[in-house]
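Structure file coords14.txt (compact mmCIF, C-alpha atoms) is printed below.
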```txt
# COMPACT_ATOMS: atom_id res chain seq x y z
CA MET A 1 -25.55 -0.48 20.15
CA THR A 2 -25.94 2.25 17.55
CA GLU A 3 -27.80 0.86 14.53
CA SER A 4 -25.79 0.84 11.31
CA PHE A 5 -27.17 2.44 8.16
CA GLY A 6 -27.64 -0.77 6.20
CA ASN A 7 -29.19 -2.72 9.07
CA GLU A 8 -31.60 0.03 10.08
CA TYR A 9 -32.99 0.54 6.60
CA GLY A 10 -32.64 -3.00 5.25
CA ASN A 11 -30.60 -1.64 2.34
CA ARG A 12 -28.08 -4.19 1.14
CA ASP A 13 -26.12 -1.47 -0.67
CA GLY A 14 -25.80 0.87 2.31
CA TYR A 15 -22.87 0.51 4.72
CA ASP A 16 -21.32 2.29 7.63
CA VAL A 17 -17.91 1.96 5.96
CA ILE A 18 -16.65 0.84 2.57
CA VAL A 19 -13.01 -0.19 2.33
CA VAL A 20 -11.56 -0.17 -1.18
CA GLY A 21 -8.59 -2.51 -1.31
CA GLY A 22 -8.20 -5.94 0.27
CA GLY A 23 -4.53 -5.88 1.21
CA ALA A 24 -3.02 -5.65 4.69
CA ALA A 25 -4.28 -2.11 5.31
CA GLY A 26 -7.81 -2.69 4.03
CA LEU A 27 -8.30 -6.02 5.77
CA SER A 28 -6.93 -4.64 9.04
CA ALA A 29 -9.35 -1.71 8.94
CA ALA A 30 -12.21 -4.07 8.09
CA LEU A 31 -11.30 -6.41 10.95
CA VAL A 32 -11.48 -3.60 13.51
CA LEU A 33 -14.75 -2.30 12.06
CA GLY A 34 -16.32 -5.75 11.91
CA ARG A 35 -15.44 -6.40 15.54
CA ALA A 36 -16.99 -3.02 16.36
CA ARG A 37 -20.25 -4.31 14.79
CA ARG A 38 -20.09 -1.86 11.90
CA ARG A 39 -21.67 -2.88 8.61
CA THR A 40 -18.59 -2.96 6.40
CA LEU A 41 -17.91 -3.77 2.76
CA VAL A 42 -14.47 -4.54 1.33
CA VAL A 43 -14.11 -4.07 -2.43
CA ASP A 44 -11.02 -5.96 -3.58
CA ALA A 45 -9.70 -6.00 -7.15
CA GLY A 46 -7.19 -8.73 -6.21
CA GLU A 47 -4.00 -6.90 -7.23
CA PRO A 48 -1.69 -6.90 -4.17
CA ARG A 49 1.61 -5.12 -4.66
CA ASN A 50 3.64 -7.99 -3.17
CA ALA A 51 2.08 -10.69 -5.35
CA PRO A 52 5.42 -11.43 -7.13
CA SER A 53 7.10 -12.28 -3.80
CA ALA A 54 7.12 -15.85 -2.53
CA HIS A 55 7.44 -14.75 1.10
CA MET A 56 7.07 -11.65 3.24
CA HIS A 57 9.39 -10.75 6.08
CA GLY A 58 9.66 -8.42 9.04
CA TYR A 59 6.11 -9.03 10.31
CA LEU A 60 6.42 -10.42 13.83
CA SER A 61 4.83 -13.91 14.06
CA ARG A 62 4.30 -13.97 10.26
CA ASP A 63 7.91 -13.83 9.07
CA GLY A 64 8.38 -15.99 5.97
CA MET A 65 4.66 -16.36 5.31
CA ALA A 66 3.51 -16.35 1.69
CA PRO A 67 1.63 -13.11 0.89
CA ALA A 68 -1.27 -15.07 -0.62
CA ASP A 69 -1.62 -17.13 2.57
CA PHE A 70 -1.51 -13.98 4.70
CA LEU A 71 -4.37 -12.42 2.73
CA ALA A 72 -6.38 -15.67 2.79
CA VAL A 73 -6.17 -15.76 6.59
CA GLY A 74 -7.19 -12.09 6.74
CA ARG A 75 -10.25 -12.72 4.59
CA GLU A 76 -11.28 -15.61 6.82
CA GLU A 77 -10.91 -13.43 9.92
CA ILE A 78 -13.05 -10.53 8.69
CA ALA A 79 -15.76 -12.98 7.57
CA ARG A 80 -16.17 -14.12 11.18
CA TYR A 81 -17.45 -10.67 12.07
CA GLY A 82 -19.89 -10.28 9.21
CA VAL A 83 -17.72 -8.11 6.97
CA GLU A 84 -18.75 -8.50 3.33
CA LEU A 85 -15.98 -8.85 0.72
CA VAL A 86 -16.61 -8.66 -3.00
CA ARG A 87 -14.10 -9.29 -5.78
CA ASP A 88 -14.76 -6.14 -7.78
CA ARG A 89 -13.29 -2.79 -8.69
CA ALA A 90 -14.48 0.68 -7.70
CA VAL A 91 -14.61 2.67 -10.95
CA THR A 92 -16.26 5.92 -9.81
CA ALA A 93 -16.72 7.66 -6.50
CA SER A 94 -18.61 10.77 -5.49
CA ARG A 95 -19.58 12.59 -2.36
CA ALA A 96 -23.26 12.13 -1.61
CA ALA A 97 -24.35 15.20 0.28
CA ASP A 98 -28.01 14.35 -0.30
CA LEU A 99 -27.80 10.94 1.41
CA THR A 100 -29.08 10.77 4.95
CA PHE A 101 -28.20 8.10 7.43
CA ASP A 102 -30.70 7.66 10.27
CA GLY A 103 -32.56 10.72 8.98
CA ARG A 104 -30.22 13.18 10.66
CA ALA A 105 -26.65 12.93 9.44
CA PRO A 106 -26.31 14.00 5.79
CA GLY A 107 -23.26 13.14 3.76
CA GLY A 108 -21.29 10.10 2.74
CA PHE A 109 -20.04 8.51 -0.45
CA THR A 110 -21.44 6.68 -3.44
CA LEU A 111 -19.32 4.20 -5.39
CA THR A 112 -20.03 2.49 -8.68
CA LEU A 113 -18.35 -0.89 -9.11
CA ALA A 114 -17.16 -2.51 -12.32
CA SER A 115 -19.95 -5.07 -11.94
CA GLY A 116 -22.50 -2.26 -12.21
CA ARG A 117 -23.47 -2.29 -8.55
CA THR A 118 -23.84 1.04 -6.74
CA VAL A 119 -23.00 1.18 -3.03
CA HIS A 120 -23.12 3.89 -0.38
CA ALA A 121 -21.28 4.49 2.89
CA ARG A 122 -20.91 7.06 5.60
CA HIS A 123 -17.11 6.71 5.59
CA LEU A 124 -14.74 5.50 2.89
CA VAL A 125 -11.27 3.96 3.38
CA VAL A 126 -9.03 3.98 0.30
CA ALA A 127 -6.41 1.25 0.62
CA THR A 128 -5.78 0.70 -3.09
CA GLY A 129 -1.99 0.69 -2.76
CA LEU A 130 0.28 1.27 -5.73
CA ARG A 131 1.89 -0.58 -8.60
CA ASP A 132 5.60 -0.87 -9.30
CA GLU A 133 6.80 0.27 -12.73
CA LEU A 134 10.14 -1.32 -13.58
CA PRO A 135 12.79 0.00 -15.98
CA PRO A 136 12.47 -1.48 -19.49
CA VAL A 137 15.40 -3.87 -19.16
CA PRO A 138 14.69 -7.20 -20.88
CA GLY A 139 14.08 -9.99 -18.37
CA LEU A 140 13.76 -7.70 -15.36
CA ALA A 141 10.01 -8.01 -14.81
CA GLU A 142 10.06 -11.79 -15.17
CA ARG A 143 12.44 -12.13 -12.24
CA PHE A 144 11.01 -9.39 -10.02
CA GLY A 145 10.31 -10.73 -6.54
CA ARG A 146 12.78 -13.60 -7.01
CA ASP A 147 16.40 -12.57 -7.55
CA VAL A 148 15.45 -9.11 -8.83
CA ILE A 149 14.29 -7.38 -5.66
CA HIS A 150 13.73 -3.90 -4.30
CA CYS A 151 13.83 -3.87 -0.48
CA PRO A 152 16.77 -5.07 1.65
CA TYR A 153 14.54 -5.26 4.73
CA CYS A 154 12.21 -7.57 2.81
CA HIS A 155 14.83 -9.70 1.05
CA GLY A 156 18.29 -8.79 2.36
CA TRP A 157 18.68 -11.74 4.73
CA GLU A 158 17.85 -14.23 2.00
CA ALA A 159 20.32 -12.50 -0.36
CA ARG A 160 23.07 -12.04 2.22
CA ASP A 161 26.71 -12.47 1.19
CA LEU A 162 25.82 -12.91 -2.49
CA PRO A 163 27.40 -10.97 -5.37
CA THR A 164 24.91 -8.12 -5.52
CA GLY A 165 24.01 -5.48 -8.05
CA VAL A 166 21.93 -2.35 -7.75
CA LEU A 167 20.32 -1.01 -10.92
CA ALA A 168 20.13 2.77 -10.72
CA THR A 169 16.85 4.42 -11.63
CA SER A 170 17.80 7.85 -10.24
CA PRO A 171 20.66 9.41 -8.24
CA LEU A 172 18.79 8.22 -5.11
CA SER A 173 19.80 4.67 -6.03
CA ALA A 174 23.17 5.46 -4.45
CA HIS A 175 21.39 5.36 -1.09
CA GLN A 176 19.93 1.96 -1.97
CA ALA A 177 23.39 0.64 -2.83
CA LEU A 178 24.76 1.93 0.46
CA MET A 179 21.98 0.25 2.42
CA VAL A 180 22.59 -3.06 0.66
CA THR A 181 26.19 -3.14 1.95
CA GLN A 182 24.74 -4.12 5.33
CA TRP A 183 23.95 -7.52 3.78
CA SER A 184 26.77 -8.02 1.26
CA ASP A 185 30.39 -6.91 0.94
CA ASP A 186 30.27 -7.38 -2.85
CA VAL A 187 28.01 -4.64 -4.24
CA ARG A 188 28.12 -2.95 -7.64
CA LEU A 189 26.02 0.04 -8.59
CA PHE A 190 25.03 -0.08 -12.27
CA LEU A 191 24.34 3.49 -13.32
CA ASN A 192 22.45 2.48 -16.47
CA GLU A 193 21.08 5.81 -17.76
CA VAL A 194 22.04 7.88 -14.69
CA PRO A 195 25.08 10.10 -15.37
CA GLU A 196 27.81 9.61 -12.80
CA SER A 197 28.01 13.38 -12.47
CA ASP A 198 24.47 13.35 -11.05
CA LEU A 199 25.63 11.49 -7.94
CA ALA A 200 26.10 13.82 -4.99
CA ALA A 201 29.70 14.26 -3.86
CA GLU A 202 28.79 12.95 -0.42
CA ASP A 203 27.29 9.83 -1.95
CA ARG A 204 30.39 9.21 -4.05
CA ARG A 205 32.57 9.44 -0.94
CA ARG A 206 30.29 7.03 0.94
CA LEU A 207 30.19 4.58 -1.96
CA ALA A 208 33.98 4.54 -2.05
CA ALA A 209 34.16 4.10 1.73
CA ALA A 210 31.71 1.18 1.54
CA GLY A 211 33.64 -0.50 -1.25
CA VAL A 212 30.79 -0.20 -3.75
CA GLU A 213 32.00 -0.36 -7.35
CA VAL A 214 30.23 2.20 -9.55
CA VAL A 215 29.70 0.80 -13.05
CA PRO A 216 28.78 3.27 -15.83
CA GLY A 217 27.05 2.20 -19.00
CA GLU A 218 23.63 1.06 -20.12
CA VAL A 219 22.27 -2.24 -18.78
CA THR A 220 20.79 -4.13 -21.72
CA GLY A 221 19.83 -7.45 -20.16
CA LEU A 222 20.26 -10.16 -17.56
CA VAL A 223 22.08 -13.45 -17.77
CA VAL A 224 20.01 -16.34 -16.41
CA THR A 225 21.34 -19.87 -16.00
CA ASP A 226 19.14 -22.77 -14.85
CA ASP A 227 16.46 -20.27 -13.82
CA ARG A 228 18.90 -18.31 -11.65
CA LEU A 229 20.28 -14.83 -12.18
CA THR A 230 24.00 -15.16 -12.87
CA GLY A 231 24.94 -11.86 -14.47
CA VAL A 232 24.15 -8.33 -15.64
CA ARG A 233 24.95 -7.49 -19.26
CA LEU A 234 25.99 -4.02 -20.42
CA GLY A 235 25.59 -2.43 -23.81
CA ASP A 236 29.24 -3.01 -24.70
CA GLY A 237 28.74 -6.76 -24.21
CA THR A 238 30.54 -7.09 -20.90
CA VAL A 239 28.87 -9.24 -18.25
CA HIS A 240 29.21 -8.70 -14.51
CA ASP A 241 28.65 -11.84 -12.48
CA ARG A 242 25.82 -11.12 -10.05
CA ALA A 243 23.46 -13.42 -8.17
CA VAL A 244 20.95 -10.78 -7.07
CA LEU A 245 19.93 -7.39 -8.44
CA TYR A 246 18.19 -4.64 -6.50
CA VAL A 247 16.11 -2.07 -8.33
CA ALA A 248 13.94 0.80 -7.11
CA PRO A 249 10.77 0.71 -9.23
CA ARG A 250 8.84 3.83 -10.04
CA ALA A 251 5.90 3.90 -7.67
CA VAL A 252 2.57 4.61 -9.37
CA PRO A 253 -0.06 5.24 -6.67
CA ARG A 254 -3.58 4.07 -7.40
CA ASP A 255 -5.04 7.43 -6.44
CA GLU A 256 -7.97 7.74 -8.85
CA LEU A 257 -10.64 7.61 -6.13
CA LEU A 258 -8.82 10.09 -3.93
CA THR A 259 -8.43 12.50 -6.83
CA ALA A 260 -12.05 12.12 -7.89
CA LEU A 261 -13.22 12.94 -4.38
CA GLY A 262 -11.10 16.09 -4.18
CA ALA A 263 -8.54 15.01 -1.60
CA GLU A 264 -5.60 17.37 -1.25
CA MET A 265 -2.47 15.72 -2.69
CA ARG A 266 1.24 16.32 -2.21
CA GLU A 267 4.15 15.58 -4.52
CA THR A 268 7.03 13.51 -3.13
CA PRO A 269 10.20 12.04 -4.70
CA PHE A 270 8.29 8.72 -4.76
CA GLY A 271 4.99 9.84 -6.28
CA ARG A 272 1.88 11.81 -5.39
CA TYR A 273 0.10 10.94 -2.15
CA PRO A 274 -2.80 12.40 -0.16
CA VAL A 275 -2.26 14.81 2.68
CA ILE A 276 -3.41 12.92 5.79
CA ASP A 277 -3.30 13.41 9.52
CA GLU A 278 -1.79 10.93 11.95
CA ARG A 279 -4.99 8.85 11.87
CA GLY A 280 -5.15 8.60 8.07
CA LEU A 281 -7.91 11.18 7.51
CA THR A 282 -7.59 13.10 4.25
CA SER A 283 -8.67 16.69 3.65
CA VAL A 284 -12.15 15.37 2.77
CA PRO A 285 -14.35 14.60 5.81
CA GLY A 286 -15.04 10.89 6.07
CA LEU A 287 -12.38 9.94 3.50
CA TRP A 288 -9.41 7.94 4.78
CA ALA A 289 -6.22 6.59 3.21
CA ALA A 290 -4.17 3.67 4.51
CA GLY A 291 -1.25 1.52 3.42
CA ASN A 292 0.60 2.34 0.21
CA ALA A 293 -2.29 4.56 -0.86
CA SER A 294 -1.02 6.95 1.80
CA GLY A 295 2.74 6.63 1.24
CA PHE A 296 5.46 4.76 -0.60
CA ALA A 297 7.30 3.08 2.27
CA GLU A 298 4.46 1.30 4.08
CA GLN A 299 5.63 -2.29 4.57
CA VAL A 300 3.00 -4.94 5.34
CA VAL A 301 3.29 -4.51 9.09
CA ASN A 302 3.04 -0.71 8.79
CA ALA A 303 0.09 -0.96 6.42
CA ALA A 304 -1.77 -3.23 8.84
CA SER A 305 -1.09 -0.74 11.64
CA ARG A 306 -2.39 2.14 9.53
CA GLY A 307 -5.54 0.21 8.71
CA TYR A 308 -6.13 -0.64 12.36
CA ARG A 309 -5.77 2.98 13.41
CA ALA A 310 -8.13 4.20 10.70
CA GLY A 311 -10.73 1.55 11.56
CA ALA A 312 -10.70 2.33 15.28
CA THR A 313 -10.89 6.07 14.66
CA ILE A 314 -13.78 5.73 12.21
CA ASN A 315 -15.80 3.70 14.69
CA GLY A 316 -15.36 6.43 17.28
CA GLU A 317 -16.30 9.14 14.77
CA LEU A 318 -19.51 7.30 13.86
CA LEU A 319 -20.42 6.57 17.46
CA PHE A 320 -20.09 10.14 18.69
CA ALA A 321 -21.75 11.63 15.59
CA ASP A 322 -24.78 9.43 16.22
CA LEU A 323 -24.83 10.22 19.94
CA ASP A 324 -24.58 13.96 19.26
CA ALA A 325 -27.49 13.69 16.80
CA LYS A 326 -29.62 11.82 19.36
CA ALA A 327 -28.71 14.31 22.06
CA ALA A 328 -29.79 17.15 19.77
CA ASP A 329 -33.13 15.40 19.21
CA LEU A 330 -33.64 14.99 22.96
CA ASP A 331 -32.82 18.65 23.50
CA ALA A 332 -35.32 19.66 20.80
CA LYS A 333 -38.05 17.53 22.35
CA ALA A 334 -37.34 18.92 25.79
CA ALA A 335 -37.69 22.45 24.41
CA GLU A 336 -41.15 21.77 22.93
CA PRO A 337 -44.12 23.33 24.71
CA ALA A 338 -45.76 20.99 27.20
```
Kindly present the structure from the file in structure tokens form.
Amino acid sequence: MTESFGNEYGNRDGYDVIVVGGGAAGLSAALVLGRARRRTLVVDAGEPRNAPSAHMHGYLSRDGMAPADFLAVGREEIARYGVELVRDRAVTASRAADLTFDGRAPGGFTLTLASGRTVHARHLVVATGLRDELPPVPGLAERFGRDVIHCPYCHGWEARDLPTGVLATSPLSAHQALMVTQWSDDVRLFLNEVPESDLAAEDRRRLAAAGVEVVPGEVTGLVVTDDRLTGVRLGDGTVHDRAVLYVAPRAVPRDELLTALGAEMRETPFGRYPVIDERGLTSVPGLWAAGNASGFAEQVVNAASRGYRAGATINGELLFADLDAKAADLDAKAAEPA
């Protein structure tokens, strides 16, 4: 087995791989790397995106599982393979061209954690995810993940056949309203601050065909009865009886580490994300992105898949880099005069 950096030098702060983010993507990458006998550190700030949700859905064999339980099982699994997990936050990151691992392979990354600890790794996986920024409607944030929801694939079955609202945050919310009609025949699109004229003509035709009522006017609050959403209140005082309200939050990627390390970024309608290849490698050698750090629409099952792929690829990259270095040493020795 190829010796890992930390094990070979007895350096507790040196790792083959550091994974920043302990969600589905980060834990999945760490699991693969741990099983590949790589010295791996997971730095987890404990801020999963799906924390407001009581259950997660669409993950085969884990459908209906509480997100906190899912993460607890993942942490137990990576611990079996010697992966270290610390509850901390990475505050700075830099490329460390002067570091050498095994005396031959320069490069890697240095991270400073909020606790003051400095750690080093040959490869770095950023799985920091994103945070959801909700419109400033009173009461919306308090009910997010309950009867204020954002994803029909995550929550649609549980909200099926209920009087449903969709709170527009942009003209794209028309698409969300159309998707929701797969789960309810009673859907109203509340335009809030989106002018009706901003809706594409094709979307207006589809909304009419789907029977979606388009409601203009500012949404000023929710009506809650016995801890249940019962209505949506407009600025003119009218209340629309609704039992569930979909909203598309503004996605705010946690991309500080990627930016600091010089990763090429791209602007999308859902935020700024790194340019990556199919394996998750960014434009910076040795720097990987997985889960919602790499894109807006990564559900838990997709994030876990992305983490797995990154972990497996990194192990191969490390293995062959070390073998090539050893082969070069053997060639050099063979070329020495007898």
key: Shell of 8 Å around Val187 in chain A, only C-alpha atoms, local chain residues under 2 positions omitted, as a VMD selection string   = chain A and resid 163 to 166 177 180 to 181 184 to 185 189 211 to 213
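Our summary of the geometry notes that CA of Ser115 in chain A is positioned 6.7 Å from CA of Asp88 in chain A.
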request  = Please check which residues have atoms at most 12 Å from (19.5, 3.0, 1.0) in the file's coordinates, counting only C-alpha atoms, and write them as a VMD selection string.
outcome  = chain A and resid 150 to 153 156 166 168 171 to 183 189 203 206 to 207 246 to 248
request  = Rounded to one decimal place, report the CA of Asp277 in chain A-CA of Gly311 in chain A distance in Å.
outcome  =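 Answer for the CA of Asp277 in chain A to CA of Gly311 in chain A separation: 14.1 Å.
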request  = Quick one: pull the distance between CA of Arg117 in chain A and CA of Val284 in chain A, Å, one decimal.
outcome  = 23.8 Å
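With distances taken over all atoms listed in the file, A:Leu245 is the one residue among A:Ala29, A:Leu245, A:Ala121, A:Ala72 lying closest to Gly145 in chain A.
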Residue neighbourhood Ser170 in chain A, 10 Å, all atoms listed in the file, exclusion window fewer than 5 positions, as a short mmCIF file (atom, residue, chain, number, x, y, z; two decimals) with C-alpha atoms, in the frame of the given file:
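Once everything was written out, this is result-v9.cif:
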```cif
data_model
loop_
_atom_site.label_atom_id
_atom_site.label_comp_id
_atom_site.auth_asym_id
_atom_site.auth_seq_id
_atom_site.Cartn_x
_atom_site.Cartn_y
_atom_site.Cartn_z
CA LEU A 191 24.34 3.49 -13.32
CA ASN A 192 22.45 2.48 -16.47
CA GLU A 193 21.08 5.81 -17.76
CA VAL A 194 22.04 7.88 -14.69
CA PRO A 195 25.08 10.10 -15.37
CA ASP A 198 24.47 13.35 -11.05
CA LEU A 199 25.63 11.49 -7.94
CA ALA A 248 13.94 0.80 -7.11
CA ARG A 250 8.84 3.83 -10.04
#
```
Show me a table, sorted first by chain and then by increasing residue number, of the residues of range 84-166 of chain A having an atom at most 12 Å from range 228-240 of chain A, each with its shortest atom pair and the distance in Å to one decimal, counting only C-alpha atoms and written as a Markdown table.
```
| residue | atom | partner | partner_atom | distance |
| --- | --- | --- | --- | --- |
| A:Val137 | CA | A:Arg233 | CA | 10.2 |
| A:Pro138 | CA | A:Arg233 | CA | 10.4 |
| A:Gly139 | CA | A:Leu229 | CA | 10.0 |
| A:Leu140 | CA | A:Leu229 | CA | 10.2 |
| A:Glu142 | CA | A:Leu229 | CA | 11.1 |
| A:Arg143 | CA | A:Leu229 | CA | 8.3 |
| A:Phe144 | CA | A:Leu229 | CA | 11.0 |
| A:Arg146 | CA | A:Arg228 | CA | 9.0 |
| A:Asp147 | CA | A:Leu229 | CA | 6.4 |
| A:Val148 | CA | A:Leu229 | CA | 8.2 |
| A:Ile149 | CA | A:Leu229 | CA | 11.6 |
| A:Leu162 | CA | A:Thr230 | CA | 10.8 |
| A:Pro163 | CA | A:Thr230 | CA | 9.2 |
| A:Thr164 | CA | A:Gly231 | CA | 9.7 |
| A:Gly165 | CA | A:Val232 | CA | 8.1 |
| A:Val166 | CA | A:Val232 | CA | 10.1 |
```
inquiry  = Counting all atoms listed in the file, which residue out of A:Asp227, A:Glu298, A:Asp186, A:Glu264 sits closest to Thr282 in chain A?
reply    =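 For Thr282 in chain A, the nearest of the candidates is A:Glu264.
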inquiry  = Given only C-alpha atoms as the basis, pick out the residue of A:Arg254, A:Arg38, A:Arg279, A:Arg309 nearest to Gly129 in chain A.
reply    =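 Answer, going by the shortest atom-to-atom distance: A:Arg254.
Distances from A:Leu281, A:Leu33, A:Tyr273, A:Arg95 to Phe109 in chain A were compared using all atoms listed in the file, and the smallest one belongs to A:Arg95.
Closest to Asn50 in chain A among A:Val300, A:Leu111, A:Val73, A:Ala141 is A:Val300, based on only C-alpha atoms.
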note = Using all atoms listed in the file, the residue out of A:Phe296, A:Leu330, A:Met65, A:His123 with shortest distance to Ile314 in chain A is A:His123
Could you work out an axis-aligned bounding box for all listed atoms of range 114-128 of chain A, with 8 Å added on each of the six sides, and give its centre and edge lengths in Å to one decimal, as lines of an AutoDock Vina configuration file?
```
center_x = -14.8
center_y = 1.0
center_z = -3.4
size_x = 34.1
size_y = 28.1
size_z = 33.9
```
query = Leaving out Ala114 in chain A and any residue of its chain fewer than 6 positions from it, which residues lie within 12 Å of it when counting all atoms listed in the file, given as number ranges by chain?
reply = A: 43-45, 86-93
